[in-house]
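Source file: final-v8.cif (mmCIF, C-alpha atoms and all ligand atoms)
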```cif
data_target
#
loop_
_atom_site.label_atom_id
_atom_site.label_comp_id
_atom_site.auth_asym_id
_atom_site.auth_seq_id
_atom_site.Cartn_x
_atom_site.Cartn_y
_atom_site.Cartn_z
CA MET A 86 228.20 204.31 106.66
CA SER A 87 231.22 205.24 108.73
CA ALA A 88 233.71 203.85 106.19
CA ALA A 89 236.35 206.42 105.38
CA PRO A 90 237.86 206.53 101.90
CA VAL A 91 240.48 203.76 101.55
CA THR A 92 243.14 206.32 100.76
CA THR A 93 243.19 207.64 104.33
CA ASN A 94 243.33 206.19 107.80
CA ARG A 95 241.76 209.26 109.33
CA LEU A 96 238.81 208.74 111.63
CA ALA A 97 235.55 210.29 110.52
CA PRO A 98 234.52 213.00 112.98
CA LEU A 99 231.08 213.31 114.53
CA ALA A 100 228.71 215.89 113.11
CA GLU A 101 228.19 219.06 115.07
CA ASP A 102 224.70 219.55 116.45
CA THR A 103 222.70 222.35 117.97
CA VAL A 104 223.17 222.97 121.67
CA GLY A 105 219.36 222.92 121.84
CA PRO A 106 217.17 224.89 124.21
CA TYR A 107 218.06 223.01 127.39
CA TYR A 108 221.78 223.46 127.90
CA PRO A 109 222.05 223.58 131.70
CA TYR A 110 222.61 227.06 133.11
CA SER A 111 224.73 225.69 135.90
CA PHE A 112 227.42 224.58 133.42
CA ILE A 113 228.40 228.26 133.37
CA ASP A 114 230.34 228.14 136.58
CA GLY A 115 232.68 230.79 137.82
CA ASP A 116 231.98 234.16 136.33
CA ARG A 117 233.36 233.99 132.85
CA SER A 118 231.26 237.00 131.81
CA ASP A 119 233.75 239.17 133.73
CA LEU A 120 237.42 238.62 132.95
CA THR A 121 238.52 241.60 135.06
CA ARG A 122 237.88 239.85 138.35
CA LEU A 123 239.31 236.38 138.05
CA HIS A 124 241.12 237.21 141.25
CA TYR A 125 238.23 238.80 143.02
CA GLY A 126 239.13 240.59 146.23
CA LEU A 127 242.74 241.16 145.27
CA SER A 128 243.98 244.64 144.44
CA VAL A 129 245.81 243.25 141.43
CA GLY A 130 244.26 242.31 138.13
CA PRO A 131 244.80 242.34 134.41
CA GLN A 132 246.70 245.15 132.72
CA GLY A 133 244.83 247.47 130.44
CA ARG A 134 241.69 249.52 130.09
CA GLN A 135 238.59 247.88 131.52
CA ILE A 136 235.72 247.76 129.07
CA ILE A 137 232.20 246.42 128.85
CA LEU A 138 231.10 244.96 125.53
CA ARG A 139 227.33 245.35 125.64
CA GLY A 140 225.61 243.36 122.95
CA ARG A 141 222.33 242.18 121.63
CA LEU A 142 222.11 238.85 119.82
CA LEU A 143 219.13 239.32 117.49
CA ASP A 144 217.05 237.03 115.29
CA SER A 145 215.37 237.93 111.98
CA ASP A 146 212.43 239.49 113.87
CA GLY A 147 214.82 241.83 115.68
CA ALA A 148 214.07 240.00 118.95
CA ILE A 149 216.83 239.31 121.46
CA VAL A 150 217.79 235.62 121.43
CA ASP A 151 217.86 234.26 124.97
CA ASP A 152 219.45 231.03 126.20
CA ALA A 153 222.23 231.32 123.64
CA LEU A 154 225.69 230.25 124.73
CA ILE A 155 228.33 232.80 123.72
CA GLU A 156 232.05 232.18 124.02
CA PHE A 157 234.63 234.98 123.76
CA TRP A 158 238.31 234.81 122.93
CA GLN A 159 240.76 237.71 122.85
CA ALA A 160 244.32 238.90 123.27
CA ASN A 161 245.50 240.67 126.40
CA ALA A 162 246.19 244.42 126.49
CA ALA A 163 249.60 243.85 124.91
CA GLY A 164 248.12 241.94 121.98
CA VAL A 165 249.25 238.49 123.14
CA LEU A 166 246.95 235.48 122.89
CA ARG A 167 247.30 232.88 125.63
CA THR A 168 247.96 229.93 123.32
CA PRO A 169 250.54 227.15 123.84
CA GLY A 170 252.65 228.79 121.14
CA ASN A 171 252.96 231.86 123.36
CA ASP A 172 254.07 229.98 126.48
CA GLY A 173 256.77 232.01 128.15
CA HIS A 174 256.00 235.14 126.15
CA PRO A 175 257.29 238.12 128.16
CA LEU A 176 254.09 240.06 127.57
CA LEU A 177 251.68 237.38 128.79
CA ASP A 178 249.51 238.77 131.57
CA PRO A 179 249.33 236.38 134.55
CA PHE A 180 245.97 237.89 135.47
CA PHE A 181 244.33 237.47 132.09
CA ASP A 182 243.59 234.40 129.99
CA GLY A 183 241.18 235.78 127.40
CA PHE A 184 238.43 233.12 127.38
CA GLY A 185 234.92 234.23 128.38
CA ARG A 186 231.54 232.56 128.37
CA LEU A 187 227.96 233.47 129.15
CA ILE A 188 224.36 232.47 128.47
CA THR A 189 222.13 235.23 127.13
CA THR A 190 218.88 236.35 128.73
CA THR A 191 216.12 238.56 127.31
CA GLU A 192 218.27 241.59 128.22
CA PRO A 193 221.37 242.73 126.32
CA PHE A 194 224.44 240.82 127.46
CA ALA A 195 227.41 242.54 129.09
CA PHE A 196 230.87 241.02 128.70
CA ARG A 197 233.28 242.75 131.05
CA THR A 198 236.90 242.48 130.06
CA ILE A 199 239.93 244.57 129.14
CA LYS A 200 240.44 246.18 125.78
CA PRO A 201 242.53 243.78 123.69
CA GLY A 202 245.69 245.14 122.15
CA ALA A 203 246.50 245.00 118.45
CA LEU A 204 248.20 241.78 117.40
CA PRO A 205 251.60 242.26 115.80
CA ALA A 206 252.41 240.71 112.43
CA GLU A 207 254.03 237.34 112.98
CA GLY A 208 254.81 234.11 111.16
CA GLY A 209 253.02 234.89 107.92
CA MET A 210 250.06 236.45 109.72
CA ALA A 211 249.26 240.10 109.19
CA ALA A 212 248.99 242.59 112.04
CA ARG A 213 245.48 242.64 113.41
CA ALA A 214 243.35 245.46 114.79
CA PRO A 215 242.14 244.95 118.38
CA HIS A 216 239.23 242.50 118.28
CA ILE A 217 237.27 239.87 120.18
CA THR A 218 236.33 236.51 118.61
CA MET A 219 232.77 235.47 119.43
CA THR A 220 231.28 232.00 118.99
CA MET A 221 227.51 231.66 119.30
CA PHE A 222 225.59 228.43 120.02
CA SER A 223 221.80 228.25 120.34
CA ASP A 224 218.72 226.30 119.46
CA GLY A 225 218.21 226.44 115.69
CA ILE A 226 221.89 226.78 114.77
CA THR A 227 225.03 224.73 115.26
CA ARG A 228 227.66 227.43 115.67
CA LEU A 229 228.31 230.93 114.37
CA VAL A 230 231.69 232.65 114.57
CA THR A 231 232.63 236.28 114.07
CA GLN A 232 235.08 238.92 115.27
CA ILE A 233 234.15 242.27 116.81
CA PHE A 234 236.26 245.45 116.43
CA PHE A 235 236.23 248.88 118.11
CA ASP A 236 235.20 252.19 116.54
CA ASP A 237 237.95 254.14 118.31
CA GLU A 238 240.61 252.25 116.36
CA PRO A 239 239.94 253.59 112.84
CA GLU A 240 243.55 253.34 111.66
CA ALA A 241 244.08 249.76 112.81
CA ASN A 242 240.66 248.76 111.50
CA GLY A 243 241.55 250.26 108.13
CA GLU A 244 244.51 247.87 107.86
CA ASP A 245 242.91 244.75 109.29
CA PRO A 246 242.92 241.84 106.80
CA LEU A 247 239.63 240.38 108.05
CA LEU A 248 237.76 243.67 107.67
CA ALA A 249 239.49 244.21 104.34
CA SER A 250 238.22 240.84 103.11
CA LEU A 251 234.63 242.02 103.44
CA PRO A 252 232.65 244.26 101.09
CA ALA A 253 232.83 247.81 102.51
CA GLU A 254 229.17 247.93 103.49
CA LEU A 255 229.55 244.89 105.76
CA ARG A 256 232.62 246.07 107.68
CA GLU A 257 230.80 248.44 110.01
CA ARG A 258 228.54 245.63 111.18
CA LEU A 259 231.54 244.18 113.01
CA VAL A 260 232.55 247.44 114.69
CA ALA A 261 231.32 248.08 118.25
CA ARG A 262 230.49 251.72 118.98
CA ARG A 263 231.80 253.39 122.09
CA ILE A 264 229.01 255.11 123.99
CA ALA A 265 229.09 257.75 126.69
CA ALA A 266 229.98 256.35 130.11
CA PRO A 267 231.47 257.82 133.30
CA GLU A 268 235.19 258.60 132.87
CA ASP A 269 236.18 256.77 136.04
CA GLY A 270 234.44 253.54 135.03
CA PRO A 271 234.96 251.04 132.24
CA ALA A 272 234.58 252.20 128.65
CA VAL A 273 231.34 250.85 127.18
CA TYR A 274 231.01 249.57 123.60
CA GLU A 275 227.81 248.41 121.95
CA ILE A 276 227.29 245.88 119.19
CA ALA A 277 224.28 244.16 117.63
CA ILE A 278 224.87 240.66 116.28
CA VAL A 279 222.12 239.96 113.76
CA MET A 280 221.88 236.25 113.07
CA ARG A 281 219.61 236.57 110.05
CA GLY A 282 217.80 239.19 108.00
CA PRO A 283 218.30 242.93 107.38
CA GLY A 284 221.65 244.08 108.77
CA GLU A 285 222.80 240.46 109.04
CA THR A 286 226.22 240.16 110.68
CA PRO A 287 228.97 238.58 108.58
CA PHE A 288 229.94 235.20 110.04
CA PHE A 289 233.09 233.26 109.20
CA ASP A 290 234.18 229.82 108.14
CA ASP A 291 237.58 228.37 107.43
CA LEU A 292 237.19 226.15 104.36
CA SER A 293 235.84 226.82 100.92
CA SER A 294 232.75 224.91 99.91
CA MET B 268 245.05 244.53 97.49
CA SER B 269 241.88 243.27 99.01
CA LEU B 270 240.48 240.33 97.18
CA ILE B 271 236.86 239.75 98.07
CA ILE B 272 236.35 236.04 98.59
CA ASP B 273 232.90 234.81 99.48
CA ARG B 274 232.67 231.09 99.02
CA GLY B 275 231.92 229.83 102.51
CA ARG B 276 229.08 227.48 103.32
CA LEU B 277 225.47 228.43 103.01
CA MET B 278 223.92 227.18 106.25
CA LEU B 279 220.46 225.71 105.85
CA PRO B 280 217.75 226.03 108.48
CA GLY B 281 217.23 222.72 110.26
CA PRO B 282 214.05 221.65 112.00
CA THR B 283 213.91 223.00 115.53
CA ASP B 284 210.71 224.67 116.62
CA GLY B 285 210.93 227.52 114.11
CA ALA B 286 214.05 228.91 115.77
CA ALA B 287 216.18 227.92 112.79
CA GLU B 288 214.15 229.99 110.33
CA ARG B 289 214.86 233.07 112.44
CA ARG B 290 218.48 232.32 113.37
CA VAL B 291 220.33 230.68 110.51
CA PRO B 292 222.18 233.31 108.43
CA SER B 293 220.66 233.87 105.00
CA LYS B 294 224.04 234.74 103.48
CA ARG B 295 226.96 232.44 102.86
CA LEU B 296 229.61 232.37 105.54
CA HIS B 297 232.71 234.40 104.71
CA LEU B 298 236.05 232.66 104.39
CA ILE B 299 238.71 233.64 106.88
CA PRO B 300 241.67 235.13 105.01
CA GLU B 301 244.85 233.21 105.79
CA ALA B 302 246.48 236.38 107.10
CA ALA B 303 243.79 236.64 109.79
CA ARG B 304 243.30 233.03 110.80
CA ARG B 305 245.54 232.71 113.86
CA SER B 306 243.34 234.61 116.30
CA PHE B 307 240.25 232.55 115.43
CA VAL B 308 241.47 229.56 117.42
CA PRO B 309 240.64 229.78 121.13
CA TRP B 310 242.73 227.85 123.59
CA VAL B 311 240.85 226.85 126.71
CA SER B 312 243.04 225.77 129.59
CA ASP B 313 241.02 226.97 132.54
CA LEU B 314 238.44 224.26 133.11
CA PRO B 315 236.25 223.96 136.20
CA GLY B 316 237.13 221.65 139.04
CA LEU B 317 234.66 218.79 139.29
CA LYS B 318 232.81 217.55 142.34
CA LEU B 319 232.81 213.90 143.32
CA GLY B 320 230.08 212.00 141.51
CA GLU B 321 229.44 214.58 138.82
CA ASN B 322 229.81 211.87 136.19
CA ASP B 323 226.96 209.89 137.76
CA LEU B 324 223.66 211.34 136.58
CA THR B 325 221.64 208.51 138.10
CA ARG B 326 221.52 210.27 141.46
CA ILE B 327 221.68 213.87 142.59
CA ALA B 328 224.70 213.26 144.80
CA PRO B 329 226.66 210.24 145.99
CA GLY B 330 224.59 208.23 148.44
CA ARG B 331 221.25 209.70 147.38
CA PRO B 332 218.43 207.54 146.00
CA GLN B 333 218.69 206.38 142.42
CA ALA B 334 216.51 208.05 139.80
CA GLN B 335 213.80 206.03 138.10
CA GLY B 336 214.46 204.23 134.85
CA GLU B 337 217.12 202.04 133.32
CA VAL B 338 220.69 202.80 134.37
CA ILE B 339 223.13 202.99 131.48
CA GLU B 340 226.85 203.59 131.37
CA ILE B 341 228.43 205.33 128.41
CA SER B 342 232.17 205.29 127.91
CA GLY B 343 234.71 205.70 125.16
CA HIS B 344 237.52 207.86 123.94
CA VAL B 345 237.60 211.44 122.82
CA LEU B 346 239.95 211.40 119.83
CA ASP B 347 241.05 213.65 117.04
CA GLU B 348 240.88 212.55 113.41
CA PHE B 349 244.32 210.98 113.65
CA GLY B 350 243.25 208.81 116.56
CA ARG B 351 245.20 210.85 119.09
CA PRO B 352 243.57 211.14 122.51
CA VAL B 353 242.06 214.49 123.46
CA ARG B 354 243.29 214.66 127.04
CA ASN B 355 242.05 216.51 130.12
CA THR B 356 239.07 217.87 128.30
CA LEU B 357 235.71 218.67 129.78
CA VAL B 358 232.79 216.48 128.71
CA GLU B 359 229.44 218.01 129.65
CA VAL B 360 226.40 215.74 129.43
CA TRP B 361 222.67 216.35 129.62
CA ASN B 362 219.63 214.22 128.88
CA ALA B 363 215.91 213.97 129.55
CA ASN B 364 214.56 211.75 132.32
CA LYS B 365 212.81 208.43 131.89
CA TRP B 366 209.63 210.19 130.81
CA GLY B 367 211.33 212.50 128.34
CA ARG B 368 211.45 215.65 130.42
CA TYR B 369 214.50 217.85 131.02
CA THR B 370 214.97 219.29 134.47
CA HIS B 371 215.70 222.63 132.76
CA VAL B 372 213.21 225.31 133.89
CA LYS B 373 212.33 226.14 130.28
CA ASP B 374 211.18 222.63 129.37
CA PRO B 375 207.40 223.01 129.03
CA VAL B 376 205.64 221.04 131.71
CA ARG B 377 204.21 218.03 129.91
CA GLU B 378 205.86 215.07 131.59
CA ARG B 379 206.79 214.16 135.13
CA LEU B 380 209.86 215.37 136.93
CA ASP B 381 211.91 212.84 138.87
CA PRO B 382 213.09 214.40 142.15
CA ASN B 383 216.14 212.12 142.07
CA PHE B 384 217.26 213.11 138.58
CA LEU B 385 219.09 216.34 137.74
CA GLY B 386 219.75 215.21 134.20
CA PHE B 387 223.16 216.77 133.72
CA GLY B 388 226.70 215.99 134.69
CA ARG B 389 230.31 216.44 133.72
CA THR B 390 233.50 214.52 133.51
CA MET B 391 237.03 215.03 132.28
CA THR B 392 238.93 212.82 129.84
CA ASP B 393 242.00 211.09 131.26
CA LYS B 394 245.51 210.86 129.78
CA ALA B 395 244.33 208.31 127.22
CA GLY B 396 241.36 210.51 126.28
CA ARG B 397 238.91 208.17 128.02
CA TYR B 398 235.65 209.31 129.53
CA ARG B 399 232.88 207.47 131.38
CA PHE B 400 229.55 208.47 132.83
CA ARG B 401 226.39 206.84 134.10
CA THR B 402 222.94 208.11 133.41
CA ILE B 403 219.30 207.07 133.05
CA MET B 404 218.09 205.86 129.66
CA PRO B 405 216.38 209.02 128.37
CA GLY B 406 212.78 208.87 127.27
CA SER B 407 211.75 210.10 123.85
CA TYR B 408 209.85 213.37 123.93
CA LEU B 409 207.24 215.22 121.94
CA ALA B 410 209.26 218.16 120.62
CA ARG B 411 206.50 219.56 118.39
CA PRO B 412 203.02 218.79 119.71
CA ASP B 413 201.58 220.89 116.87
CA ILE B 414 202.79 218.41 114.27
CA ASP B 415 203.16 215.33 116.51
CA ARG B 416 206.93 215.20 116.06
CA TRP B 417 208.83 213.10 118.58
CA ARG B 418 212.53 213.14 119.26
CA PRO B 419 214.16 209.74 119.64
CA ALA B 420 216.02 209.03 122.87
CA HIS B 421 219.33 210.89 122.86
CA VAL B 422 222.09 212.15 125.13
CA HIS B 423 223.62 215.59 124.50
CA VAL B 424 227.34 216.14 124.97
CA SER B 425 229.56 219.19 124.81
CA ILE B 426 233.33 218.84 124.56
CA ARG B 427 235.55 221.76 125.55
CA GLY B 428 239.25 222.14 126.30
CA GLY B 429 242.46 222.90 124.48
CA SER B 430 241.20 223.91 121.08
CA ALA B 431 238.65 221.09 120.91
CA ARG B 432 235.02 222.09 120.73
CA LEU B 433 232.06 219.96 119.79
CA ILE B 434 228.39 219.73 120.61
CA ALA B 435 226.81 216.46 119.50
CA GLN B 436 224.14 213.88 120.34
CA MET B 437 224.32 210.13 120.92
CA TYR B 438 221.39 208.01 119.74
CA PHE B 439 220.24 204.43 120.37
CA ALA B 440 219.90 202.01 117.44
CA GLY B 441 216.42 200.60 116.98
CA ASP B 442 214.59 203.60 118.38
CA PRO B 443 211.29 203.77 116.47
CA HIS B 444 211.38 207.58 116.36
CA LEU B 445 214.71 207.77 114.48
CA ALA B 446 213.13 207.26 111.07
CA ARG B 447 211.07 210.44 111.38
CA ASP B 448 213.52 212.65 113.28
CA PRO B 449 214.78 215.41 110.98
CA MET B 450 217.86 216.05 113.13
CA PHE B 451 218.89 212.43 112.85
CA ILE B 452 218.01 212.21 109.16
CA LEU B 453 220.14 215.28 108.43
CA LEU B 454 223.20 213.49 109.82
CA GLY B 455 223.20 211.56 106.54
CA GLU B 456 226.26 209.37 106.14
CA ALA B 457 227.35 210.28 109.68
CA GLN B 458 224.33 208.57 111.29
CA ALA B 459 226.11 205.32 112.21
CA ARG B 460 228.80 207.02 114.26
CA HIS B 461 226.22 208.78 116.40
CA PHE B 462 224.97 205.48 117.85
CA GLY B 463 226.35 204.23 121.11
CA SER B 464 227.07 200.53 120.67
CA LEU B 465 225.72 198.18 123.30
CA THR B 466 228.64 196.10 124.50
CA GLY B 467 227.23 194.19 127.44
CA GLN B 468 225.98 194.49 130.98
CA GLY B 469 227.70 195.86 134.03
CA PRO B 470 227.77 194.14 137.44
CA ASN B 471 224.46 195.69 138.49
CA GLY B 472 222.67 194.91 135.28
CA GLU B 473 223.28 198.32 133.74
CA ALA B 474 223.56 198.44 129.96
CA LEU B 475 227.06 199.37 128.84
CA TYR B 476 227.40 201.55 125.77
CA ARG B 477 230.60 202.43 123.99
CA TRP B 478 230.76 205.66 122.04
CA ASP B 479 233.93 207.20 120.66
CA ILE B 480 233.75 210.92 120.17
CA VAL B 481 235.91 211.99 117.23
CA ILE B 482 236.62 215.70 117.02
CA GLY B 483 237.72 217.15 113.74
CA GLY B 484 236.80 218.69 110.46
CA ARG B 485 235.14 222.00 109.91
CA ASN B 486 232.08 221.16 111.92
CA THR B 487 233.46 219.64 115.05
CA ALA B 488 236.43 221.58 116.33
CA TYR B 489 237.40 225.13 116.83
CA PHE B 490 238.96 226.11 113.57
CA GLY B 491 241.92 223.77 113.14
CA GLY B 492 245.11 225.06 114.68
FE FE C 1 217.29 217.00 123.57
#
```

Just give me the structure as structure tokens.
Amino acid sequence: MSAAPVTTNRLAPLAEDTVGPYYPYSFIDGDRSDLTRLHYGLSVGPQGRQIILRGRLLDSDGAIVDDALIEFWQANAAGVLRTPGNDGHPLLDPFFDGFGRLITTTEPFAFRTIKPGALPAEGGMAARAPHITMTMFSDGITRLVTQIFFDDEPEANGEDPLLASLPAELRERLVARRIAAPEDGPAVYEIAIVMRGPGETPFFDDLSS
Amino acid sequence: MSLIIDRGRLMLPGPTDGAAERRVPSKRLHLIPEAARRSFVPWVSDLPGLKLGENDLTRIAPGRPQAQGEVIEISGHVLDEFGRPVRNTLVEVWNANKWGRYTHVKDPVRERLDPNFLGFGRTMTDKAGRYRFRTIMPGSYLARPDIDRWRPAHVHVSIRGGSARLIAQMYFAGDPHLARDPMFILLGEAQARHFGSLTGQGPNGEALYRWDIVIGGRNTAYFGG
């Protein structure tokens, strides 16, 4: 039952479950699908280039998955993640915290944010190309995690250890393509996240099985 | 050198209305190379402010009429695997009403709505990692009318804050539908810790359940920091 091995006094964690089809919409409060206007109405905001990541979360029939909960996590324009380890970092952006959240509809989703900077090499970690971590929850799955890159960063992408860990033919599935958009507005990137089937997106895990 | 490592889990479709067969990746998950792991761990500090009474699902707002059904109170600690409290963390809760219907607009209209029951609420853990909320004992519901599959009574929770992240369900021991519920069966050796334990009665006759929520391991937290 819940007895842990006698060699450890660790507590046994609960099992992760699906979020199901009825996660309440109103739990998405504030507008975490737009990280450029956390201080709406002020003429100050986060540093960096505003972008829109336009995406389609697709099932094995190629249909858009609605009512999925997507969470985003990214560095600021200077490549700094707002983690406790970076408290007091001179390049933290007071107007940007990097955590986004939305529930999908039957239309493509649009995550409005700033273009993350490349992460410098640090403490045994390699330098990273600009990217956004995405976590997907929906009926039928527990959780899927991946990272999305940008097609106008070919040099950084070529050196990124996550992309390098994948077979070459899978790498491009994680790269959002910049599409034509008015010069004076945000840059627009498009990505398809395919949960299952042809063109399936690579998803990530942190322990070997 | 790029070593291609591909030994992550193969996720298996579970039993939820056919969605799993279309949404669970067919390929094994890919392991995160150590050199790339740091940025996979979100840190969530900006949590919503809560309104008074949001941890009381038995009424729509303080002072409003009580929803129909049996009032229950669920409390416990949110802990990590080492028994340390997970503090100031958002606990989101949702469950079906007495007749097994969610207030969610997408729940197919089979059972009655209760105008006094919203069916969702939130609370925040305190400095000791404690949480507490009151709700209505959820009804079981017919999840798959095509194959007469019922879901046992359950309460959904989502935990979010710091780098803790978990979505889980609490069940009630003795529920006759447990034995045939694939989601419960698939919990395997973890089944026992998904039961709230009945510890007594509150001053108004409400059933008191204790349920500790332990976050940890590959499946229950954001990737360990
Ligand atoms: Fe449910």

Exercise. For chain A, which residues have at least one atom within 8 Å of chain B, if we go by only C-alpha atoms? Write them as a PyMOL selection string, please.
Worked result: chain A and resi 86-87+94-104+106-109+112+114-115+144-146+158-159+166-169+184+209-211+213+218+224-226+246-247+249-252+280-282+285+287-294

Restricting the output to C-alpha atoms, write the selected residues as an mmCIF file, in the frame of the given file.
```
data_model
loop_
_atom_site.group_PDB
_atom_site.id
_atom_site.type_symbol
_atom_site.label_atom_id
_atom_site.label_comp_id
_atom_site.auth_asym_id
_atom_site.auth_seq_id
_atom_site.Cartn_x
_atom_site.Cartn_y
_atom_site.Cartn_z
ATOM 1 C CA MET A 86 228.200 204.310 106.660
ATOM 2 C CA SER A 87 231.220 205.240 108.730
ATOM 3 C CA ASN A 94 243.330 206.190 107.800
ATOM 4 C CA ARG A 95 241.760 209.260 109.330
ATOM 5 C CA LEU A 96 238.810 208.740 111.630
ATOM 6 C CA ALA A 97 235.550 210.290 110.520
ATOM 7 C CA PRO A 98 234.520 213.000 112.980
ATOM 8 C CA LEU A 99 231.080 213.310 114.530
ATOM 9 C CA ALA A 100 228.710 215.890 113.110
ATOM 10 C CA GLU A 101 228.190 219.060 115.070
ATOM 11 C CA ASP A 102 224.700 219.550 116.450
ATOM 12 C CA THR A 103 222.700 222.350 117.970
ATOM 13 C CA VAL A 104 223.170 222.970 121.670
ATOM 14 C CA PRO A 106 217.170 224.890 124.210
ATOM 15 C CA TYR A 107 218.060 223.010 127.390
ATOM 16 C CA TYR A 108 221.780 223.460 127.900
ATOM 17 C CA PRO A 109 222.050 223.580 131.700
ATOM 18 C CA PHE A 112 227.420 224.580 133.420
ATOM 19 C CA ASP A 114 230.340 228.140 136.580
ATOM 20 C CA GLY A 115 232.680 230.790 137.820
ATOM 21 C CA ASP A 144 217.050 237.030 115.290
ATOM 22 C CA SER A 145 215.370 237.930 111.980
ATOM 23 C CA ASP A 146 212.430 239.490 113.870
ATOM 24 C CA TRP A 158 238.310 234.810 122.930
ATOM 25 C CA GLN A 159 240.760 237.710 122.850
ATOM 26 C CA LEU A 166 246.950 235.480 122.890
ATOM 27 C CA ARG A 167 247.300 232.880 125.630
ATOM 28 C CA THR A 168 247.960 229.930 123.320
ATOM 29 C CA PRO A 169 250.540 227.150 123.840
ATOM 30 C CA PHE A 184 238.430 233.120 127.380
ATOM 31 C CA GLY A 209 253.020 234.890 107.920
ATOM 32 C CA MET A 210 250.060 236.450 109.720
ATOM 33 C CA ALA A 211 249.260 240.100 109.190
ATOM 34 C CA ARG A 213 245.480 242.640 113.410
ATOM 35 C CA THR A 218 236.330 236.510 118.610
ATOM 36 C CA ASP A 224 218.720 226.300 119.460
ATOM 37 C CA GLY A 225 218.210 226.440 115.690
ATOM 38 C CA ILE A 226 221.890 226.780 114.770
ATOM 39 C CA PRO A 246 242.920 241.840 106.800
ATOM 40 C CA LEU A 247 239.630 240.380 108.050
ATOM 41 C CA ALA A 249 239.490 244.210 104.340
ATOM 42 C CA SER A 250 238.220 240.840 103.110
ATOM 43 C CA LEU A 251 234.630 242.020 103.440
ATOM 44 C CA PRO A 252 232.650 244.260 101.090
ATOM 45 C CA MET A 280 221.880 236.250 113.070
ATOM 46 C CA ARG A 281 219.610 236.570 110.050
ATOM 47 C CA GLY A 282 217.800 239.190 108.000
ATOM 48 C CA GLU A 285 222.800 240.460 109.040
ATOM 49 C CA PRO A 287 228.970 238.580 108.580
ATOM 50 C CA PHE A 288 229.940 235.200 110.040
ATOM 51 C CA PHE A 289 233.090 233.260 109.200
ATOM 52 C CA ASP A 290 234.180 229.820 108.140
ATOM 53 C CA ASP A 291 237.580 228.370 107.430
ATOM 54 C CA LEU A 292 237.190 226.150 104.360
ATOM 55 C CA SER A 293 235.840 226.820 100.920
ATOM 56 C CA SER A 294 232.750 224.910 99.910
#
```

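From atom CA of Gly185 of chain A back to atom CA of Lys200 of chain A, the distance works out to 13.4 Å.
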
Problem set entry | Distance query Leu123 of chain A at most 8 Å, all atoms listed in the file, self and fewer than 4 positions along chain excluded, as a list in words |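 The residues that qualify are Asp116, Asp119, Gly130, Phe180 and Phe181 of chain A.
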
For this session: Can you work out the spacing between atom CA of Met221 of chain A and atom CA of Gly343 of chain B in Å, to one decimal?
Result: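 Here the two named atoms are 27.6 Å from each other.
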
Exercise. How many Å lie between atom CA of Lys365 of chain B and atom CA of Phe439 of chain B, rounded to one decimal?
Worked result: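 Atom CA of Phe439 of chain B lies at a distance of 14.3 Å from atom CA of Lys365 of chain B.
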
Problem set entry | Long-range neighbours of Asp381 of chain B as a count of residues only, 12 Å cut-off, all atoms listed in the file, 3 positions minimum in chain | 21

Exercise. Mind listing as a list in words all residues within 8 Å of (242.6, 216.0, 128.0), counting all atoms listed in the file?
Worked result: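 Every polymer residue passing the test: Pro352, Val353, Arg354, Asn355, Thr356, Leu357, Met391, Thr392, Asp393, Lys394, Ala395, Gly396, Gly428 and Gly429 of chain B.
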
For this session: For Ile113 of chain A, work out the shell of residues within 9 Å, counting only C-alpha atoms and skipping chain neighbours fewer than 6 positions away, then give it as a list in words.
Result: Arg186, Leu187 and Ile188 of chain A

Restricted to C-alpha atoms, what would the selected residues look like written as a PDB file, keeping the file's coordinate frame?
```pdb
ATOM      1  CA  ARG A 186     231.540 232.560 128.370  1.00  0.00           C
ATOM      2  CA  LEU A 187     227.960 233.470 129.150  1.00  0.00           C
ATOM      3  CA  ILE A 188     224.360 232.470 128.470  1.00  0.00           C
TER       4      ILE A 188
END
```

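Nearest to ligand FE 1 (chain C) of all the residues B:Ala420, B:Ala431, B:Ala440, B:Ala328 is B:Ala420, counting all atoms listed in the file.
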
For this session: Name the residues in contact with segment 471-473 of chain B at a cut-off of 12 Å, using only C-alpha atoms, excluding same-chain residues fewer than 5 positions from it; report them as a list of chain:residue names.
Result: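 Within the cut-off, the hits are B:Thr325, B:Gly336, B:Glu337, B:Val338, B:Ile339, B:Glu340, B:Ile341, B:Phe400, B:Arg401, B:Thr402, B:Ile403, B:Met404, B:Leu465, B:Thr466.
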
Problem set entry | Contacts of Gly441 of chain B within 10 Å, all atoms listed in the file, excl. fewer than 5 positions in-chain, as number ranges by chain | B: 419, 446, 462

For this session: Point out the residue among A:Ala253, A:Ala241, A:Ile233, A:Ile276 with the least atom-to-atom distance to Pro205 of chain A, counting all atoms listed in the file.
Result: A:Ala241

Exercise. So which residues are close to (234.8, 243.5, 131.6), meaning at most 7 Å away in the file's coordinates with all atoms listed in the file counted, and can you show them as a list in words?
Worked result: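 The requested residues, written out, are Asp119, Leu120, Thr121, Gln135, Ile136, Ile137, Phe196, Arg197, Thr198 and Ile199 of chain A.
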
For this session: Measuring atom to atom with only C-alpha atoms, identify which of A:Arg139, A:Pro179, A:Pro131, A:Thr189 is nearest to Tyr110 of chain A.
Result: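 The closest residue to Tyr110 of chain A is A:Thr189.
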
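Each of B:Gly463, B:Gly320, B:Gly406, B:Pro382 was compared to ligand FE 1 (chain C) using all atoms listed in the file, and B:Gly406 turns out to be the nearest.
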